[in-house]
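Undergrad: Got a structure for you, questions after.
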Amino acid sequence: MALIVQKYGGTSVGSPDRIKNLARRVARFKALGHQIVVVVSAMSGETNRLISLAKEIMPEPDPRELDVMVATGEQVTIGLTAMALMELGLKAKSYTGSQVRIVTDNAHTKARILSIDEERIRADLDAGYVVVVAGFQGVDESGNITTLGRGGSDTTGVALAAALKADECQIYTDVDGVYTTDPRVVPEARRLKSITFEEMLELASQGSKVLQIRSVEFAGKYKVKLRVLSSFEEDGEGTLITFEDPENKDSNMEQPIISGIAFNRDEAKIMVLGVPDKPGIAYQILGPIADAKIDVDMIIQNMGADGTTDFTFTVHKNDMAKALGILNQVQAHIGAREIRGDDKIAKVSIVGVGMRSHVGIASQMFRTLAEEGINIQMISTSEIKIAVVIDEKYMELAVRVLHKAFELEEA
Ligand code: ADP
Ligand code: ASP
Ligand code: MG
């Protein structure tokens with residue numbers, strides 16, 4: 001007997017038939033004697049619909065009130081899912097995030113899970129219930145409803161699996177695993193049987209939305225056995241997220257150099273041009289940005305010439321106007337010649353633990369892009385990743401040619 005947490009995404013609960021299908025799968029697992037916790041997202045499109053509705057009333061929705069209404073999407077699916085399970089003769093009970101005390105901080109719309117009181121769930125499981133928990137939502141210490149950021153149901157699933165010390169966390173979605181890149185952009189993309197936790201973390205942080213990054217962080221911290229699977233197939237092994245054995249570094253040798261390619265159209269570039277090249281300038285630019293709680297991703301400062309330098313960084317597209325507003329206010333104080341924003345950019349990243357033991361990967365990436373006439377605007381690297389910012393109109397082309405150049409379509 002195992003304890004399994006199964007998370008189902010929006011498409012997998014997108015209609016009554018799909019919910020019934022989910023219930024049949026859970027029934028099969030129950031019949032094998034397993035204890036099952038089900039985490040569900042809102043029906044596909046529902047969270048977007050709720051956000052647009054809010055914006056019709058308040059263009060910049062109040063975060064606390066937005067969380068109150070957006071969390072209703074998942075409340076609908078937990079009830080429907082429990083009913084579908086009952087219709088199959090199973091004992092089932094649904095809970096919202098606050099009912100099972102998924103306690104978060106108070107950062108509305110992007111809250112972090114602090115603790116989960118798993119006792120109630122455990123008691124229900126022991127009494128033979130399938131427990132259905134709303135993904136994406138929690139409650140802060142003062143009782144306010146919070147949400148965990150887009151894609152946050154993945155994190156609910158993994159956090160519950162960690163709290164319950166589940167044997168496995170299964171993420172059921174509309175693809176049958178983690179691919180070398182998004183199969184909707186590159187049809188030749190190939191499913192990976194396994195991927196290391198570190199690679200998955202980089203892919204998620206660089207924009208692969210198949211798993212929310214925080215879910216991967218949780219899996220790493222608590223060593224949760226995590227698998228991505230299709231909810232549309234009866235069986236299939238999906239993709240297992242594995243943990244590298246530090247004792248066995250040689251296992252890296254068998255890894256392909258590049259495991260996957262991620263891309264992201266959500267960032268904007270901000271250029272602060274002609275600033276005095278003197279100590280403290282980076283802080284003067286980024287200090288006010290951080291004070292406004294705007295996340296910064298890539299940062300580049302040019303070599304100074306003639307006593308001045310250029311400073312470029314990226315933020316989420318939604319934060320570009322705010323960031324420009326802040327910098328315009330401090331422009332005179334910083335002594336910048338010009339401040340510019342560009343939201344027509346995309347970031348493309350190649351990821352692989354094999355990079356550690358191979359040279360020339362960056363030059364191969366840059367050559368491939370150059371051969372297509374794609375200009376690189378910014379570059380950033382980590383031990384297992386190379387990311388470039390390019391004009392957004394070349395994003396899909398870049399992903400396709402890199403996929404081919406690194407022979408990712410071949411097994
Ligand atoms: P869910 O609603 O089930 O949470 P998501 O839409 O959040 O599903 O995530 C699944 C989607 O992630 C897939 O449909 C696919 O388009 C996209 N995706 C992006 N990168 C990858 C990748 N490397 N492997 C698989 N899917 C990917
Ligand atoms: N329903 C939420 C969203 O659309 C959470 C999730 O799907 O994971 O972002
Ligand atoms: Mg998702």
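By convention in this document, the chains of the structure tokens carry letters A, B, ... by their order, each chain's residues are numbered from 1, and ligands are numbered from 1 in the order they are shown.
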Collect all residues with atoms no farther than 8 Å from ligand 3, counting only C-alpha atoms and all ligand atoms, and output them as a PyMOL selection string.
TA: chain A and resi 9-10+150-154+173+209-212
Undergrad: Please produce a file of the residues just selected, as a PDB file, in the first residue's frame, where the atoms kept are N, CA and C atoms.
TA:
ATOM      1  N   GLY A   9      -4.287  19.041 -13.562  1.00  0.00           N
ATOM      2  CA  GLY A   9      -4.306  20.424 -14.042  1.00  0.00           C
ATOM      3  C   GLY A   9      -5.624  20.785 -14.707  1.00  0.00           C
ATOM      4  N   GLY A  10      -5.697  22.037 -15.158  1.00  0.00           N
ATOM      5  CA  GLY A  10      -6.936  22.601 -15.692  1.00  0.00           C
ATOM      6  C   GLY A  10      -7.590  21.791 -16.810  1.00  0.00           C
ATOM      7  N   ARG A 150       0.471  31.764 -10.608  1.00  0.00           N
ATOM      8  CA  ARG A 150      -0.059  30.947 -11.696  1.00  0.00           C
ATOM      9  C   ARG A 150       0.673  29.597 -11.741  1.00  0.00           C
ATOM     10  N   GLY A 151      -0.119  28.565 -11.967  1.00  0.00           N
ATOM     11  CA  GLY A 151       0.464  27.223 -11.985  1.00  0.00           C
ATOM     12  C   GLY A 151       0.683  26.662 -10.585  1.00  0.00           C
ATOM     13  N   GLY A 152       0.143  27.345  -9.574  1.00  0.00           N
ATOM     14  CA  GLY A 152       0.452  27.019  -8.180  1.00  0.00           C
ATOM     15  C   GLY A 152      -0.112  25.702  -7.671  1.00  0.00           C
ATOM     16  N   SER A 153      -1.029  25.086  -8.411  1.00  0.00           N
ATOM     17  CA  SER A 153      -1.555  23.792  -7.938  1.00  0.00           C
ATOM     18  C   SER A 153      -0.461  22.729  -7.910  1.00  0.00           C
ATOM     19  N   ASP A 154       0.518  22.858  -8.796  1.00  0.00           N
ATOM     20  CA  ASP A 154       1.651  21.911  -8.759  1.00  0.00           C
ATOM     21  C   ASP A 154       2.303  21.974  -7.384  1.00  0.00           C
ATOM     22  N   THR A 173      -1.200  15.902 -16.462  1.00  0.00           N
ATOM     23  CA  THR A 173      -1.412  17.096 -17.275  1.00  0.00           C
ATOM     24  C   THR A 173      -1.813  16.695 -18.691  1.00  0.00           C
ATOM     25  N   LYS A 209       6.489  25.860 -18.453  1.00  0.00           N
ATOM     26  CA  LYS A 209       5.435  25.942 -17.442  1.00  0.00           C
ATOM     27  C   LYS A 209       4.861  24.572 -17.076  1.00  0.00           C
ATOM     28  N   VAL A 210       5.488  23.500 -17.547  1.00  0.00           N
ATOM     29  CA  VAL A 210       4.948  22.179 -17.240  1.00  0.00           C
ATOM     30  C   VAL A 210       4.940  21.926 -15.732  1.00  0.00           C
ATOM     31  N   LEU A 211       5.892  22.501 -15.005  1.00  0.00           N
ATOM     32  CA  LEU A 211       5.859  22.462 -13.533  1.00  0.00           C
ATOM     33  C   LEU A 211       6.150  23.862 -13.003  1.00  0.00           C
ATOM     34  N   GLN A 212       5.386  24.297 -12.016  1.00  0.00           N
ATOM     35  CA  GLN A 212       5.689  25.596 -11.409  1.00  0.00           C
ATOM     36  C   GLN A 212       7.017  25.477 -10.645  1.00  0.00           C
TER      37      GLN A 212
END
Undergrad: Considering only C-alpha atoms, tabulate each residue of range 135-209 of chain A that lies at most 6 Å from range 217-241 of chain A along with its nearest interatomic pair and the corresponding distance in Å to one decimal; arrange the rows by chain and ascending residue number and present them as CSV.
TA:
residue,atom,partner,partner_atom,distance
A:Ala162,CA,A:Tyr222,CA,5.9
A:Glu168,CA,A:Lys225,CA,4.9
A:Cys169,CA,A:Leu226,CA,4.9
A:Gln170,CA,A:Arg227,CA,4.9
A:Ile171,CA,A:Val228,CA,4.7
A:Tyr172,CA,A:Leu229,CA,4.8
A:Thr173,CA,A:Ser230,CA,5.1
A:Asp174,CA,A:Ser230,CA,5.6
A:Val175,CA,A:Ser230,CA,5.2
A:Asp176,CA,A:Ser230,CA,4.0
A:Gly177,CA,A:Gly238,CA,4.5
A:Val178,CA,A:Thr239,CA,5.8
A:Leu192,CA,A:Thr239,CA,5.9
A:Lys193,CA,A:Thr239,CA,4.8
A:Ser194,CA,A:Leu240,CA,4.6
A:Ile195,CA,A:Ile241,CA,5.1
A:Thr196,CA,A:Ile241,CA,5.5
A:Phe197,CA,A:Ile241,CA,5.5
Undergrad: So which residues touch Gly335 in chain A within 9 Å, counting only C-alpha atoms, skipping near sequence neighbours fewer than 5 positions away, as a PyMOL selection string?
TA: chain A and resi 274-276+330
Undergrad: Could you name the residues that touch His34 in chain A at 8 Å or less, counting only C-alpha atoms, but leaving out those on the same chain fewer than 3 positions away, as a list in words?
TA: Met1, Ala2, Leu3, Ile4, Phe29, Lys30 and Ala31 of chain A
Undergrad: When the cut-off is 10 Å and you count only C-alpha atoms and all ligand atoms, which residues lie near ligand 2, shown as a PyMOL selection string?
TA: chain A and resi 7-11+39-51+70-74+134-137+147-157+209-212
Undergrad: What is the distance between CA of Val26 in chain A and CA of Gln6 in chain A, in Å to one decimal?
TA: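 According to the coordinates, CA of Val26 in chain A and CA of Gln6 in chain A are separated by 8.5 Å.
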Undergrad: As a PyMOL selection string, please: every residue in range 38-261 of chain A that a backbone DSSP assignment puts in helix (DSSP H, G or I).
TA: chain A and resi 46-57+63-70+72-87+119-126+153-164+197-205+213-222+249-254
Undergrad: Near range 366-372 of chain A, counting only C-alpha atoms, which residues have an atom at most 12 Å away, once you skip same-chain residues fewer than 4 positions from it, shown as a ChimeraX atom specification?
TA: /A:348-350,360-362,376-379,386-391,394-406
Undergrad: Would you output that residue set with N, CA and C atoms, as a PDB file, in the first residue's frame?
TA:
ATOM      1  N   VAL A 348      15.601  32.634 -24.387  1.00  0.00           N
ATOM      2  CA  VAL A 348      15.683  31.222 -24.762  1.00  0.00           C
ATOM      3  C   VAL A 348      16.864  30.634 -23.995  1.00  0.00           C
ATOM      4  N   SER A 349      16.646  29.498 -23.346  1.00  0.00           N
ATOM      5  CA  SER A 349      17.697  28.921 -22.494  1.00  0.00           C
ATOM      6  C   SER A 349      17.918  27.461 -22.826  1.00  0.00           C
ATOM      7  N   ILE A 350      19.174  27.067 -22.908  1.00  0.00           N
ATOM      8  CA  ILE A 350      19.478  25.639 -23.030  1.00  0.00           C
ATOM      9  C   ILE A 350      19.989  25.155 -21.674  1.00  0.00           C
ATOM     10  N   GLY A 360      32.594  24.364 -25.110  1.00  0.00           N
ATOM     11  CA  GLY A 360      32.157  24.745 -26.457  1.00  0.00           C
ATOM     12  C   GLY A 360      30.653  24.785 -26.647  1.00  0.00           C
ATOM     13  N   ILE A 361      29.902  24.587 -25.588  1.00  0.00           N
ATOM     14  CA  ILE A 361      28.446  24.569 -25.735  1.00  0.00           C
ATOM     15  C   ILE A 361      27.933  25.976 -26.059  1.00  0.00           C
ATOM     16  N   ALA A 362      28.477  26.980 -25.352  1.00  0.00           N
ATOM     17  CA  ALA A 362      28.025  28.354 -25.598  1.00  0.00           C
ATOM     18  C   ALA A 362      28.332  28.745 -27.039  1.00  0.00           C
ATOM     19  N   ILE A 376      21.858  38.446 -30.573  1.00  0.00           N
ATOM     20  CA  ILE A 376      21.755  38.199 -29.128  1.00  0.00           C
ATOM     21  C   ILE A 376      21.903  39.534 -28.398  1.00  0.00           C
ATOM     22  N   GLN A 377      20.912  39.839 -27.554  1.00  0.00           N
ATOM     23  CA  GLN A 377      20.931  41.129 -26.856  1.00  0.00           C
ATOM     24  C   GLN A 377      21.531  41.027 -25.454  1.00  0.00           C
ATOM     25  N   MET A 378      21.310  39.893 -24.803  1.00  0.00           N
ATOM     26  CA  MET A 378      21.848  39.698 -23.458  1.00  0.00           C
ATOM     27  C   MET A 378      22.174  38.216 -23.295  1.00  0.00           C
ATOM     28  N   ILE A 379      23.132  37.929 -22.434  1.00  0.00           N
ATOM     29  CA  ILE A 379      23.499  36.527 -22.192  1.00  0.00           C
ATOM     30  C   ILE A 379      23.641  36.337 -20.689  1.00  0.00           C
ATOM     31  N   ILE A 386      22.614  28.105 -20.315  1.00  0.00           N
ATOM     32  CA  ILE A 386      22.995  29.327 -21.026  1.00  0.00           C
ATOM     33  C   ILE A 386      21.700  29.952 -21.521  1.00  0.00           C
ATOM     34  N   ALA A 387      21.463  31.200 -21.164  1.00  0.00           N
ATOM     35  CA  ALA A 387      20.228  31.882 -21.568  1.00  0.00           C
ATOM     36  C   ALA A 387      20.580  33.102 -22.401  1.00  0.00           C
ATOM     37  N   VAL A 388      19.797  33.336 -23.461  1.00  0.00           N
ATOM     38  CA  VAL A 388      20.010  34.541 -24.258  1.00  0.00           C
ATOM     39  C   VAL A 388      18.690  35.286 -24.400  1.00  0.00           C
ATOM     40  N   VAL A 389      18.805  36.614 -24.477  1.00  0.00           N
ATOM     41  CA  VAL A 389      17.635  37.442 -24.782  1.00  0.00           C
ATOM     42  C   VAL A 389      17.740  37.838 -26.243  1.00  0.00           C
ATOM     43  N   ILE A 390      16.632  37.632 -26.970  1.00  0.00           N
ATOM     44  CA  ILE A 390      16.599  37.971 -28.400  1.00  0.00           C
ATOM     45  C   ILE A 390      15.290  38.706 -28.699  1.00  0.00           C
ATOM     46  N   ASP A 391      15.174  39.191 -29.925  1.00  0.00           N
ATOM     47  CA  ASP A 391      13.920  39.805 -30.368  1.00  0.00           C
ATOM     48  C   ASP A 391      12.818  38.738 -30.319  1.00  0.00           C
ATOM     49  N   TYR A 394      11.825  36.199 -33.149  1.00  0.00           N
ATOM     50  CA  TYR A 394      12.654  35.050 -33.538  1.00  0.00           C
ATOM     51  C   TYR A 394      12.615  33.898 -32.538  1.00  0.00           C
ATOM     52  N   MET A 395      11.751  34.024 -31.534  1.00  0.00           N
ATOM     53  CA  MET A 395      11.812  33.042 -30.450  1.00  0.00           C
ATOM     54  C   MET A 395      11.593  31.606 -30.929  1.00  0.00           C
ATOM     55  N   GLU A 396      10.503  31.388 -31.654  1.00  0.00           N
ATOM     56  CA  GLU A 396      10.199  30.006 -32.055  1.00  0.00           C
ATOM     57  C   GLU A 396      11.273  29.455 -32.985  1.00  0.00           C
ATOM     58  N   LEU A 397      11.762  30.309 -33.895  1.00  0.00           N
ATOM     59  CA  LEU A 397      12.824  29.886 -34.803  1.00  0.00           C
ATOM     60  C   LEU A 397      14.062  29.476 -33.995  1.00  0.00           C
ATOM     61  N   ALA A 398      14.400  30.302 -33.014  1.00  0.00           N
ATOM     62  CA  ALA A 398      15.591  30.012 -32.198  1.00  0.00           C
ATOM     63  C   ALA A 398      15.435  28.663 -31.491  1.00  0.00           C
ATOM     64  N   VAL A 399      14.281  28.426 -30.935  1.00  0.00           N
ATOM     65  CA  VAL A 399      14.082  27.172 -30.200  1.00  0.00           C
ATOM     66  C   VAL A 399      14.200  25.985 -31.167  1.00  0.00           C
ATOM     67  N   ARG A 400      13.602  26.132 -32.335  1.00  0.00           N
ATOM     68  CA  ARG A 400      13.638  25.015 -33.306  1.00  0.00           C
ATOM     69  C   ARG A 400      15.055  24.721 -33.773  1.00  0.00           C
ATOM     70  N   VAL A 401      15.810  25.775 -34.118  1.00  0.00           N
ATOM     71  CA  VAL A 401      17.163  25.499 -34.645  1.00  0.00           C
ATOM     72  C   VAL A 401      18.092  24.979 -33.554  1.00  0.00           C
ATOM     73  N   LEU A 402      17.898  25.448 -32.329  1.00  0.00           N
ATOM     74  CA  LEU A 402      18.742  24.938 -31.236  1.00  0.00           C
ATOM     75  C   LEU A 402      18.387  23.483 -30.935  1.00  0.00           C
ATOM     76  N   HIS A 403      17.113  23.170 -31.005  1.00  0.00           N
ATOM     77  CA  HIS A 403      16.672  21.791 -30.751  1.00  0.00           C
ATOM     78  C   HIS A 403      17.351  20.847 -31.736  1.00  0.00           C
ATOM     79  N   LYS A 404      17.441  21.298 -32.970  1.00  0.00           N
ATOM     80  CA  LYS A 404      18.069  20.492 -34.010  1.00  0.00           C
ATOM     81  C   LYS A 404      19.588  20.455 -33.820  1.00  0.00           C
ATOM     82  N   ALA A 405      20.165  21.628 -33.579  1.00  0.00           N
ATOM     83  CA  ALA A 405      21.631  21.698 -33.479  1.00  0.00           C
ATOM     84  C   ALA A 405      22.150  20.812 -32.340  1.00  0.00           C
ATOM     85  N   PHE A 406      21.410  20.710 -31.277  1.00  0.00           N
ATOM     86  CA  PHE A 406      21.870  19.876 -30.151  1.00  0.00           C
ATOM     87  C   PHE A 406      21.290  18.458 -30.217  1.00  0.00           C
TER      88      PHE A 406
END
Undergrad: Which residue, A:Ile374, A:Val100, A:Ile145, A:Ala305, has the smallest gap to Arg120 in chain A when you use only C-alpha atoms?
TA: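 Among A:Ile374, A:Val100, A:Ile145, A:Ala305, it is A:Val100 that comes nearest to Arg120 in chain A.
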Undergrad: Between A:Gly89, A:Pro279, A:Gly260, A:Gly287, which residue has the minimum interatomic distance to ligand 1, considering only C-alpha atoms and all ligand atoms?
TA: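 Among the listed residues, the smallest separation from ligand 1 belongs to A:Gly260.
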Undergrad: Could you go through range 107-347 of chain A and tell me which residues DSSP, when run on the backbone, assigns to strand (DSSP E or B), listing them as a PyMOL selection string?
TA: chain A and resi 113-116+130-134+137-140+145-147+168-173+179+191+194-196+226-230+239-242+260-264+267-276+296-301+305+308-316+338-342+345-347
Undergrad: Using 12 Å as the limit and counting only C-alpha atoms, can you tabulate each residue of range 110-221 of chain A that touches range 288-304 of chain A, with its shortest atom-to-atom distance in Å and the two atoms involved, as JSON lines?
TA:
{"residue": "A:Lys110", "atom": "CA", "partner": "A:Lys293", "partner_atom": "CA", "distance": 11.8}
{"residue": "A:Ser205", "atom": "CA", "partner": "A:Asp297", "partner_atom": "CA", "distance": 10.2}
{"residue": "A:Gln206", "atom": "CA", "partner": "A:Asp297", "partner_atom": "CA", "distance": 10.0}
Undergrad: Output all heavy atoms for every residue in the selection just made, as a short mmCIF file (atom, residue, chain, number, x, y, z; two decimals), in the first residue's frame.
TA:
data_model
loop_
_atom_site.label_atom_id
_atom_site.label_comp_id
_atom_site.auth_asym_id
_atom_site.auth_seq_id
_atom_site.Cartn_x
_atom_site.Cartn_y
_atom_site.Cartn_z
N LYS A 110 0.98 35.70 -4.89
CA LYS A 110 2.21 34.91 -5.07
C LYS A 110 2.71 34.42 -3.71
O LYS A 110 3.90 34.48 -3.41
CB LYS A 110 3.28 35.69 -5.82
CG LYS A 110 3.53 37.07 -5.30
CD LYS A 110 4.53 37.80 -6.17
CE LYS A 110 4.58 39.26 -5.74
NZ LYS A 110 5.12 40.19 -6.65
N SER A 205 12.53 27.52 -14.06
CA SER A 205 12.83 28.93 -13.78
C SER A 205 13.01 29.71 -15.07
O SER A 205 12.82 30.91 -15.11
CB SER A 205 14.06 29.06 -12.88
OG SER A 205 15.23 28.94 -13.66
N GLN A 206 13.36 29.03 -16.15
CA GLN A 206 13.54 29.72 -17.43
C GLN A 206 12.26 29.76 -18.25
O GLN A 206 12.27 30.19 -19.39
CB GLN A 206 14.65 29.05 -18.25
CG GLN A 206 16.02 29.06 -17.58
CD GLN A 206 16.48 30.46 -17.23
OE1 GLN A 206 16.45 31.35 -18.07
NE2 GLN A 206 16.86 30.68 -15.99
#
Undergrad: Which one of A:Ile285, A:Ala189, A:Leu201, A:Ile113 sits closest to Leu408 in chain A if you count only C-alpha atoms?
TA: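 For Leu408 in chain A, the nearest of the candidates is A:Ala189.
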